[in-house]
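K.L.:
Coordinates in start.cif, mmCIF, C-alpha atoms, are listed below.
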data_my_file
loop_
_atom_site.label_atom_id
_atom_site.label_comp_id
_atom_site.auth_asym_id
_atom_site.auth_seq_id
_atom_site.Cartn_x
_atom_site.Cartn_y
_atom_site.Cartn_z
CA MET A 1 74.05 89.95 74.08
CA ARG A 2 77.42 89.12 75.52
CA GLY A 3 79.56 86.18 74.39
CA ARG A 4 79.44 82.97 76.39
CA LYS A 5 83.08 83.33 77.40
CA ASP A 6 82.57 86.87 78.78
CA LEU A 7 79.38 85.78 80.53
CA LEU A 8 81.02 82.84 82.29
CA LEU A 9 84.06 84.97 83.18
CA SER A 10 81.87 87.67 84.76
CA VAL A 11 79.98 85.14 86.90
CA ALA A 12 83.17 83.27 87.85
CA LEU A 13 85.00 86.44 88.94
CA GLY A 14 82.11 87.37 91.20
CA GLN A 15 82.15 83.92 92.80
CA VAL A 16 85.85 84.30 93.61
CA LEU A 17 84.93 87.40 95.62
CA SER A 18 82.15 85.46 97.35
CA LEU A 19 84.59 82.72 98.35
CA LEU A 20 86.94 85.33 99.84
CA ILE A 21 84.04 86.75 101.87
CA CYS A 22 83.25 83.20 102.98
CA GLY A 23 86.83 82.91 104.30
CA ILE A 24 86.44 86.25 106.09
CA GLY A 25 83.22 85.08 107.72
CA LEU A 26 84.60 81.71 108.82
CA THR A 27 87.75 83.14 110.43
CA SER A 28 85.68 85.85 112.16
CA LYS A 29 83.29 83.22 113.51
CA TYR A 30 86.13 81.11 114.94
CA LEU A 31 87.72 84.20 116.52
CA SER A 32 84.52 85.44 118.15
CA GLU A 33 82.87 82.16 119.19
CA ASP A 34 85.75 79.77 119.90
CA PHE A 35 88.34 82.24 121.22
CA HIS A 36 86.08 85.12 122.36
CA ALA A 37 88.11 87.63 120.36
CA ASN A 38 85.52 90.28 119.43
CA THR A 39 87.80 92.71 117.60
CA PRO A 40 86.16 93.78 114.30
CA VAL A 41 87.89 97.18 114.26
CA PHE A 42 91.31 95.60 114.87
CA GLN A 43 90.67 93.08 112.09
CA SER A 44 89.83 95.88 109.65
CA PHE A 45 92.86 97.83 110.87
CA LEU A 46 95.14 94.94 109.90
CA ASN A 47 93.72 94.99 106.38
CA TYR A 48 94.17 98.74 106.00
CA ILE A 49 97.78 98.43 107.19
CA LEU A 50 98.44 95.80 104.51
CA LEU A 51 96.88 98.06 101.87
CA PHE A 52 99.07 100.89 103.13
CA LEU A 53 102.26 98.82 103.01
CA VAL A 54 101.61 97.55 99.47
CA TYR A 55 99.69 100.23 97.59
CA THR A 56 100.35 103.50 99.45
CA THR A 57 104.09 102.88 99.35
CA THR A 58 103.77 102.10 95.62
CA LEU A 59 102.22 105.54 95.11
CA ALA A 60 104.96 107.11 97.25
CA VAL A 61 107.73 105.93 94.92
CA ARG A 62 105.97 106.91 91.70
CA GLN A 63 106.98 110.00 89.77
CA GLY A 64 104.92 112.85 88.36
CA GLU A 65 101.17 113.27 88.66
CA GLU A 66 100.68 109.71 89.98
CA ASN A 67 102.88 110.38 93.01
CA LEU A 68 101.28 110.15 96.45
CA LEU A 69 101.88 113.81 97.31
CA ALA A 70 100.51 115.00 93.96
CA ILE A 71 97.33 112.97 94.48
CA LEU A 72 96.90 114.22 98.05
CA LYS A 73 97.37 117.80 96.90
CA ARG A 74 94.57 117.52 94.34
CA ARG A 75 91.90 115.40 96.10
CA TRP A 76 92.94 114.45 99.65
CA TRP A 77 89.59 115.41 101.21
CA LYS A 78 87.63 113.21 98.80
CA TYR A 79 89.66 110.15 99.71
CA MET A 80 89.45 111.04 103.41
CA ILE A 81 85.63 110.97 103.22
CA LEU A 82 85.71 107.74 101.20
CA GLY A 83 88.03 106.12 103.76
CA ILE A 84 85.69 107.01 106.64
CA ILE A 85 82.69 105.68 104.68
CA ASP A 86 84.48 102.39 104.05
CA ILE A 87 85.46 101.98 107.71
CA GLU A 88 82.00 102.73 109.08
CA ALA A 89 80.23 100.53 106.53
CA ASN A 90 82.16 97.53 107.85
CA TYR A 91 81.65 98.56 111.46
CA LEU A 92 77.87 99.14 111.27
CA VAL A 93 77.07 95.77 109.69
CA VAL A 94 79.27 93.85 112.17
CA LYS A 95 77.74 95.80 115.07
CA ALA A 96 74.22 94.96 113.87
CA TYR A 97 74.72 91.27 114.73
CA GLN A 98 74.63 92.22 118.43
CA TYR A 99 71.08 93.56 118.12
CA THR A 100 69.22 91.69 115.42
CA THR A 101 69.04 88.23 113.85
CA LEU A 102 71.18 86.71 111.12
CA THR A 103 68.12 86.49 108.84
CA SER A 104 67.41 90.21 109.21
CA VAL A 105 71.02 91.09 108.43
CA GLN A 106 70.99 88.90 105.31
CA LEU A 107 67.75 90.38 103.97
CA LEU A 108 68.38 94.03 104.83
CA ASP A 109 71.96 93.87 103.54
CA CYS A 110 70.40 93.47 100.08
CA PHE A 111 69.50 97.16 100.38
CA VAL A 112 72.97 97.83 98.97
CA ILE A 113 71.70 96.74 95.53
CA PRO A 114 69.06 99.49 95.02
CA VAL A 115 71.53 102.01 96.49
CA VAL A 116 74.16 101.04 93.91
CA ILE A 117 71.61 101.06 91.08
CA LEU A 118 70.34 104.55 91.95
CA LEU A 119 73.82 106.02 92.42
CA SER A 120 75.05 104.42 89.18
CA TRP A 121 72.00 105.78 87.36
CA PHE A 122 72.38 109.38 88.54
CA PHE A 123 76.15 109.78 88.94
CA LEU A 124 77.69 107.29 86.48
CA LEU A 125 74.78 107.69 84.01
CA VAL A 126 74.49 103.92 83.66
CA ARG A 127 71.27 102.77 82.01
CA TYR A 128 69.73 99.34 82.51
CA LYS A 129 67.55 97.18 80.30
CA ALA A 130 64.55 95.07 81.28
CA VAL A 131 66.66 91.90 81.53
CA HIS A 132 68.89 93.56 84.15
CA PHE A 133 65.93 94.31 86.42
CA ILE A 134 64.60 90.77 85.93
CA GLY A 135 67.99 89.37 86.94
CA ILE A 136 68.11 91.61 90.03
CA VAL A 137 64.62 90.50 91.13
CA VAL A 138 65.53 86.82 90.63
CA CYS A 139 68.70 87.26 92.75
CA ILE A 140 66.75 88.91 95.57
CA LEU A 141 64.13 86.13 95.41
CA GLY A 142 66.97 83.63 95.86
CA MET A 143 68.17 85.58 98.88
CA GLY A 144 64.65 85.52 100.33
CA CYS A 145 64.55 81.76 99.79
CA MET A 146 67.75 81.39 101.82
CA ALA A 147 66.35 83.53 104.64
CA GLY A 148 63.20 81.39 104.66
CA ALA A 149 65.32 78.25 104.91
CA ASP A 150 67.15 79.78 107.90
CA VAL A 151 63.82 80.28 109.66
CA LEU A 152 62.64 76.74 108.89
CA VAL A 153 65.80 75.08 110.25
CA GLY A 154 66.00 77.44 113.26
CA ARG A 155 69.25 79.09 112.17
CA GLN A 156 68.39 82.58 113.44
CA GLN A 157 71.50 83.59 115.28
CA GLY A 158 71.22 86.59 117.57
CA ALA A 159 68.61 87.35 120.19
CA GLY A 160 67.15 90.30 118.36
CA GLU A 161 66.37 92.11 121.62
CA ASN A 162 66.79 95.54 120.01
CA LYS A 163 65.80 94.52 116.53
CA LEU A 164 64.94 98.01 115.30
CA ILE A 165 68.40 99.32 116.23
CA GLY A 166 70.05 96.36 114.53
CA ASP A 167 67.94 96.75 111.38
CA LEU A 168 68.78 100.45 111.16
CA LEU A 169 72.48 99.66 111.57
CA VAL A 170 72.30 97.18 108.67
CA LEU A 171 70.49 99.68 106.46
CA GLY A 172 73.06 102.35 107.32
CA GLY A 173 75.94 100.00 106.60
CA ALA A 174 74.38 98.85 103.30
CA THR A 175 73.92 102.47 102.21
CA LEU A 176 77.57 103.27 102.98
CA TYR A 177 78.68 100.11 101.15
CA GLY A 178 76.71 101.25 98.11
CA ILE A 179 78.32 104.69 98.14
CA SER A 180 81.78 103.16 98.55
CA ASN A 181 81.26 100.67 95.69
CA VAL A 182 80.02 103.28 93.22
CA CYS A 183 82.92 105.61 94.10
CA GLU A 184 85.27 102.67 93.63
CA GLU A 185 83.82 101.94 90.18
CA TYR A 186 84.26 105.57 89.15
CA ILE A 187 87.88 105.70 90.39
CA VAL A 188 89.06 102.41 88.87
CA ARG A 189 87.51 103.31 85.50
CA ASN A 190 88.87 106.86 85.40
CA LEU A 191 92.01 106.92 87.53
CA SER A 192 93.60 103.67 88.69
CA ARG A 193 93.16 100.69 90.95
CA VAL A 194 96.46 101.38 92.73
CA GLU A 195 95.44 104.96 93.51
CA PHE A 196 92.11 103.83 95.00
CA LEU A 197 93.68 101.11 97.16
CA GLY A 198 96.61 103.31 98.17
CA MET A 199 94.35 106.11 99.37
CA ILE A 200 92.00 103.70 101.16
CA GLY A 201 95.04 102.15 102.86
CA LEU A 202 96.33 105.56 103.93
CA PHE A 203 93.14 107.05 105.35
CA GLY A 204 91.67 103.70 106.41
CA SER A 205 94.65 102.81 108.59
CA PHE A 206 94.71 106.31 110.10
CA PHE A 207 91.04 106.56 111.05
CA SER A 208 90.55 102.90 111.97
CA GLY A 209 93.62 103.22 114.20
CA ILE A 210 91.96 106.12 116.01
CA GLN A 211 88.69 104.16 116.29
CA LEU A 212 90.62 101.13 117.59
CA ALA A 213 92.36 103.20 120.29
CA ILE A 214 89.09 104.72 121.45
CA MET A 215 86.61 101.84 121.20
CA GLU A 216 88.43 98.51 121.19
CA HIS A 217 91.72 98.74 123.09
CA LYS A 218 90.24 96.95 126.14
CA GLU A 219 88.88 94.09 124.04
CA LEU A 220 92.25 93.69 122.38
CA LEU A 221 93.97 93.28 125.75
CA LYS A 222 91.54 90.45 126.63
CA VAL A 223 92.47 88.34 123.61
CA PRO A 224 94.16 85.07 124.77
CA TRP A 225 96.99 85.19 122.26
CA ASP A 226 98.44 81.91 120.97
CA TRP A 227 99.48 80.46 117.61
CA GLN A 228 95.92 79.42 116.70
CA ILE A 229 94.53 82.92 117.19
CA GLY A 230 97.50 84.36 115.34
CA LEU A 231 96.85 82.00 112.42
CA LEU A 232 93.17 83.01 112.31
CA TYR A 233 94.11 86.70 112.23
CA VAL A 234 96.55 85.97 109.40
CA GLY A 235 93.87 84.03 107.51
CA PHE A 236 91.33 86.81 108.00
CA SER A 237 93.80 89.50 106.87
CA ALA A 238 94.82 87.47 103.80
CA CYS A 239 91.19 87.01 102.69
CA MET A 240 90.34 90.66 103.39
CA PHE A 241 93.42 91.91 101.54
CA GLY A 242 92.62 89.61 98.63
CA LEU A 243 89.03 90.89 98.54
CA TYR A 244 90.06 94.55 98.51
CA SER A 245 92.82 93.95 95.93
CA PHE A 246 90.71 91.85 93.56
CA MET A 247 87.37 93.68 93.82
CA PRO A 248 88.49 96.71 91.74
CA VAL A 249 89.55 94.32 88.98
CA VAL A 250 86.11 92.67 88.94
CA ILE A 251 84.26 95.99 89.19
CA LYS A 252 86.18 97.34 86.19
CA LYS A 253 85.43 94.16 84.24
CA THR A 254 81.73 94.13 85.20
CA SER A 255 80.17 96.83 87.43
CA ALA A 256 79.44 97.64 91.08
CA THR A 257 75.88 96.32 90.66
CA ALA A 258 77.03 93.01 89.18
CA VAL A 259 79.59 92.57 91.99
CA ASN A 260 77.00 93.10 94.73
CA LEU A 261 74.65 90.62 93.08
CA SER A 262 77.50 88.08 92.94
CA LEU A 263 78.24 88.57 96.64
CA LEU A 264 74.76 87.31 97.54
CA THR A 265 76.13 83.76 97.26
CA ALA A 266 78.76 84.39 99.95
CA ASP A 267 76.34 83.51 102.77
CA LEU A 268 75.52 80.24 101.02
CA TYR A 269 79.19 79.29 100.71
CA SER A 270 79.57 79.99 104.43
CA LEU A 271 76.54 77.86 105.10
CA PHE A 272 77.84 74.93 103.05
CA CYS A 273 81.13 75.10 104.98
CA GLY A 274 79.15 75.34 108.23
CA LEU A 275 77.37 72.08 107.45
CA PHE A 276 80.70 70.31 108.01
CA LEU A 277 82.49 72.63 110.43
CA PHE A 278 79.64 73.76 112.70
CA HIS A 279 77.06 71.00 112.03
CA TYR A 280 74.38 73.32 110.65
CA LYS A 281 71.06 71.76 109.69
CA PHE A 282 70.53 71.34 105.96
CA SER A 283 67.49 72.29 103.89
CA GLY A 284 66.88 71.73 100.20
CA LEU A 285 65.86 75.38 100.01
CA TYR A 286 69.53 76.33 100.37
CA LEU A 287 70.37 74.61 97.08
CA LEU A 288 67.31 76.18 95.46
CA SER A 289 68.45 79.57 96.74
CA PHE A 290 71.98 79.09 95.39
CA PHE A 291 70.85 78.14 91.89
CA THR A 292 68.19 80.87 91.84
CA ILE A 293 70.85 83.50 92.58
CA LEU A 294 73.12 82.04 89.89
CA VAL A 295 70.26 82.18 87.36
CA GLY A 296 69.69 85.83 88.29
CA LEU A 297 73.42 86.54 87.85
CA VAL A 298 73.44 84.93 84.40
CA LEU A 299 70.38 86.95 83.38
CA TYR A 300 71.92 90.20 84.61
CA SER A 301 75.30 89.51 83.00
CA SER A 302 73.86 88.30 79.68
CA THR A 303 73.39 91.87 78.37
CA SER A 304 75.62 94.90 78.74
CA THR A 305 74.46 98.11 80.36
CA TYR A 306 75.14 101.39 78.57
CA VAL A 307 75.98 105.00 79.35
CA ALA A 308 73.39 107.72 78.73
CA GLN A 309 75.81 109.84 76.65
CA ASP A 310 78.24 108.99 73.92
CA PRO A 311 81.47 107.90 75.73
CA ARG A 312 83.59 109.81 73.16
CA VAL A 313 82.28 113.18 74.39
CA TYR A 314 81.40 112.25 77.98
CA LYS A 315 83.76 114.46 79.97
CA GLN A 316 84.04 112.22 83.02
CA PHE A 317 85.50 109.42 80.88
CA ARG A 318 87.52 111.41 78.38
CA ASN A 319 91.09 111.25 77.22
CA PRO A 320 92.00 114.86 76.32
CA SER A 321 95.45 113.92 75.06
CA GLY A 322 94.06 111.35 72.64
CA PRO A 323 93.67 111.72 68.87
CA VAL A 324 90.98 113.79 67.20
CA VAL A 325 87.75 111.82 66.84
CA ASP A 326 85.82 111.87 63.58
CA LEU A 327 82.09 111.55 64.13
CA PRO A 328 79.83 110.33 61.31
CA ALA A 329 77.62 112.95 59.69
CA THR A 330 74.50 110.80 59.83
CA GLY A 331 73.25 107.81 61.70
CA GLN A 332 72.45 107.32 65.34
CA LEU A 333 75.18 106.27 67.73
CA GLU A 334 74.59 102.93 69.43
CA PRO A 335 74.82 103.04 73.25
CA SER A 336 77.95 101.38 74.54
CA VAL A 337 79.57 100.37 77.80
CA THR A 338 83.03 101.17 76.54
CA TYR A 339 84.72 103.75 78.78
CA THR A 340 87.76 105.62 77.56
CA SER A 341 90.62 105.96 79.99
CA LEU A 342 91.12 109.26 81.80
CA GLY A 343 94.36 111.00 80.91
CA GLN A 344 96.07 113.78 82.84
CA GLU A 345 93.64 116.48 83.96
CA THR A 346 93.86 119.57 81.79
CA GLU A 347 91.74 122.65 81.29
CA GLU A 348 91.57 122.04 77.55
CA GLU A 349 88.43 120.51 76.08
CA PRO A 350 88.82 117.53 73.68
CA HIS A 351 88.72 118.40 70.00
CA VAL A 352 85.74 116.88 68.20
CA ARG A 353 85.44 117.28 64.47
CA VAL A 354 82.07 116.72 62.80
CA ALA A 355 82.19 115.69 59.17
#
Would you kindly transcribe this structure into structure tokens?
P.N.:
Amino acid sequence: MRGRKDLLLSVALGQVLSLLICGIGLTSKYLSEDFHANTPVFQSFLNYILLFLVYTTTLAVRQGEENLLAILKRRWWKYMILGIIDIEANYLVVKAYQYTTLTSVQLLDCFVIPVVILLSWFFLLVRYKAVHFIGIVVCILGMGCMAGADVLVGRQQGAGENKLIGDLLVLGGATLYGISNVCEEYIVRNLSRVEFLGMIGLFGSFFSGIQLAIMEHKELLKVPWDWQIGLLYVGFSACMFGLYSFMPVVIKKTSATAVNLSLLTADLYSLFCGLFLFHYKFSGLYLLSFFTILVGLVLYSSTSTYVAQDPRVYKQFRNPSGPVVDLPATGQLEPSVTYTSLGQETEEEPHVRVA
């Protein structure tokens, strides 16, 4: 079991991410509904440019193996694929709102959770205990409760004229989100947060700029620019930049699965703000949903997951330049979630001495 301090910290960090997503949703809603500025690609492009200016330039001035050119030389194509996945995940989910209902998007977006669990199981070798699965089920039940409340109060935004297309777009976006989150967890545990964000900023700004020029340049020209719209774009970019910058910190502290469970409360924060800003109807089921999700989060975070192999000899999480490790002659090793940091890549295997 984890200590109370670590448990509360894990839940609190996830809720900070949810509040940032709430800010992203509110500014997007004002832009699209009040000012008719439907520019999701441009909004993402602004975020990637900020990531480029802060993190990619940081990599550019570094020396040695952590330099931008050295990283590109070794694994440029991997980050290019990851950048495209990240861009299209955002685009597909936003696009889905044009075809299906808000309730469908909320429910089907939960598909990211089993995707992350499966990818973590097979590629990160993370193993879960019974309490983790109980917590996940409780969180999803809370999400279902919120969707039911939306139906009861008539808050089903979107006509849903091509519901099947919209549902498929959400499932596609959720799958890409899951892939992106698991890759992010692997990179921040083994390489560095700055490298991940710098590469996402580089390839994200490049490919989203191309997508913007092809698909959204006409919409951008229709935007009635004034100081209010400018302020909303600034607010959106600040929240998005904060989300991207802070998420790797939370993922390294917890896990990609825990983060996605925490983000289930983001829709409820948006709803609570909407009660005052947009005069949404209230239902007691919303409060029940919120506390149900929090209970699920506490259950999931109460016990640590573990890696299928001993972290001291697990090659993906090794430190070849570290000291020689003495293993005990007898006794079974207890599973652990402790990951060793990844040092510089070498062809030499770590030295393990058995007593």
K.L.:
Every residue with an atom at most 8 Å from (74.7, 92.9, 105.5) (file coordinates; all atoms listed in the file) is what I'm after, so could you write them as a PyMOL selection string?
P.N.:
chain A and resi 93+105-110+170+173-174
K.L.:
Nearest to Gly284 in chain A among A:Leu26, A:Ala238, A:Leu169, A:Met146, with distances taken over only C-alpha atoms: which residue is it?
P.N.:
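Of A:Leu26, A:Ala238, A:Leu169, A:Met146, the one nearest Gly284 in chain A is A:Met146, counting only C-alpha atoms.
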K.L.:
Counting only C-alpha atoms, find residues at most 6 Å from (82.1, 92.5, 113.4) (file frame) and give them as a list in words.
P.N.:
Pro40, Val94 and Lys95 of chain A
K.L.:
Could you list, as a list in words, every residue within 12 Å of Leu277 in chain A, counting all atoms listed in the file and ignoring same-chain residues fewer than 4 positions away?
P.N.:
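In the requested format, the answer is Leu26, Thr27, Lys29, Tyr30, Ser270, Leu271, Phe272, Cys273 and Lys281 of chain A.
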K.L.:
Could you name the residues that touch range 222-224 of chain A at 12 Å or less, counting only C-alpha atoms, but leaving out those on the same chain fewer than 4 positions away, as a list in words?
P.N.:
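Once the nearby chain positions are removed, what remains is Leu31, Ser32, Asp34, Phe35, His36, Ala37, Asn38, Thr39, Phe42, Glu216, His217, Lys218, Gln228, Ile229, Gly230 and Tyr233 of chain A.
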K.L.:
Mind telling me what the PyMOL selection byres ((chain A and resi 293) around 10) catches here, as a list in words?
P.N.:
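Answer for the PyMOL selection byres ((chain A and resi 293) around 10): Gly135, Ile136, Val137, Val138, Cys139, Ile140, Leu141, Gly142, Met143, Cys145, Met146, Leu261, Ser262, Leu263, Leu264, Thr265, Leu287, Leu288, Ser289, Phe290, Phe291, Thr292, Leu294, Val295, Gly296, Leu297, Val298 and Leu299 of chain A.
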K.L.:
Filtering to C-alpha atoms, could you give me those residues as a PDB file, in the coordinates of the input?
P.N.:
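Result written to selection-v7.pdb:
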ATOM      1  CA  GLY A 135      67.990  89.370  86.940  1.00  0.00           C
ATOM      2  CA  ILE A 136      68.110  91.610  90.030  1.00  0.00           C
ATOM      3  CA  VAL A 137      64.620  90.500  91.130  1.00  0.00           C
ATOM      4  CA  VAL A 138      65.530  86.820  90.630  1.00  0.00           C
ATOM      5  CA  CYS A 139      68.700  87.260  92.750  1.00  0.00           C
ATOM      6  CA  ILE A 140      66.750  88.910  95.570  1.00  0.00           C
ATOM      7  CA  LEU A 141      64.130  86.130  95.410  1.00  0.00           C
ATOM      8  CA  GLY A 142      66.970  83.630  95.860  1.00  0.00           C
ATOM      9  CA  MET A 143      68.170  85.580  98.880  1.00  0.00           C
ATOM     10  CA  CYS A 145      64.550  81.760  99.790  1.00  0.00           C
ATOM     11  CA  MET A 146      67.750  81.390 101.820  1.00  0.00           C
ATOM     12  CA  LEU A 261      74.650  90.620  93.080  1.00  0.00           C
ATOM     13  CA  SER A 262      77.500  88.080  92.940  1.00  0.00           C
ATOM     14  CA  LEU A 263      78.240  88.570  96.640  1.00  0.00           C
ATOM     15  CA  LEU A 264      74.760  87.310  97.540  1.00  0.00           C
ATOM     16  CA  THR A 265      76.130  83.760  97.260  1.00  0.00           C
ATOM     17  CA  LEU A 287      70.370  74.610  97.080  1.00  0.00           C
ATOM     18  CA  LEU A 288      67.310  76.180  95.460  1.00  0.00           C
ATOM     19  CA  SER A 289      68.450  79.570  96.740  1.00  0.00           C
ATOM     20  CA  PHE A 290      71.980  79.090  95.390  1.00  0.00           C
ATOM     21  CA  PHE A 291      70.850  78.140  91.890  1.00  0.00           C
ATOM     22  CA  THR A 292      68.190  80.870  91.840  1.00  0.00           C
ATOM     23  CA  LEU A 294      73.120  82.040  89.890  1.00  0.00           C
ATOM     24  CA  VAL A 295      70.260  82.180  87.360  1.00  0.00           C
ATOM     25  CA  GLY A 296      69.690  85.830  88.290  1.00  0.00           C
ATOM     26  CA  LEU A 297      73.420  86.540  87.850  1.00  0.00           C
ATOM     27  CA  VAL A 298      73.440  84.930  84.400  1.00  0.00           C
ATOM     28  CA  LEU A 299      70.380  86.950  83.380  1.00  0.00           C
TER      29      LEU A 299
END
K.L.:
Figure out the distance between CA of Ser237 in chain A and CA of Ile24 in chain A, please, to one decimal in Å.
P.N.:
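For CA of Ile24 in chain A relative to CA of Ser237 in chain A, the distance reads 8.1 Å.
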K.L.:
CA of Tyr55 in chain A and CA of Gly25 in chain A, how far apart in Å?
P.N.:
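So the two atoms, CA of Gly25 in chain A and CA of Tyr55 in chain A, lie 24.6 Å apart.
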K.L.:
Go through the shown structure with the PyMOL selection byres ((chain A and resi 188-202) around 6) and write out the matching residues as number ranges by chain.
P.N.:
A: 48, 51-52, 55-56, 83, 185-187, 203-205, 341-342
K.L.:
Could you work out how far CA of Val112 in chain A lies from CA of Leu9 in chain A, giving the answer in Å with one decimal?
P.N.:
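Computing the Euclidean distance for CA of Leu9 in chain A and CA of Val112 in chain A yields 23.2 Å.
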K.L.:
Choose the residue, out of A:Gly166, A:Ser180, A:Leu152, A:Arg127, that has the smallest atom-to-atom separation from Lys78 in chain A; count only C-alpha atoms.
P.N.:
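Among the listed residues, the smallest separation from Lys78 in chain A belongs to A:Ser180.
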K.L.:
Ranking A:Leu118, A:Ala130, A:Leu50, A:Leu171 by minimum distance to Ala96 in chain A and counting all atoms listed in the file, which one comes first?
P.N.:
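Closest to Ala96 in chain A, using all atoms listed in the file: A:Leu171.
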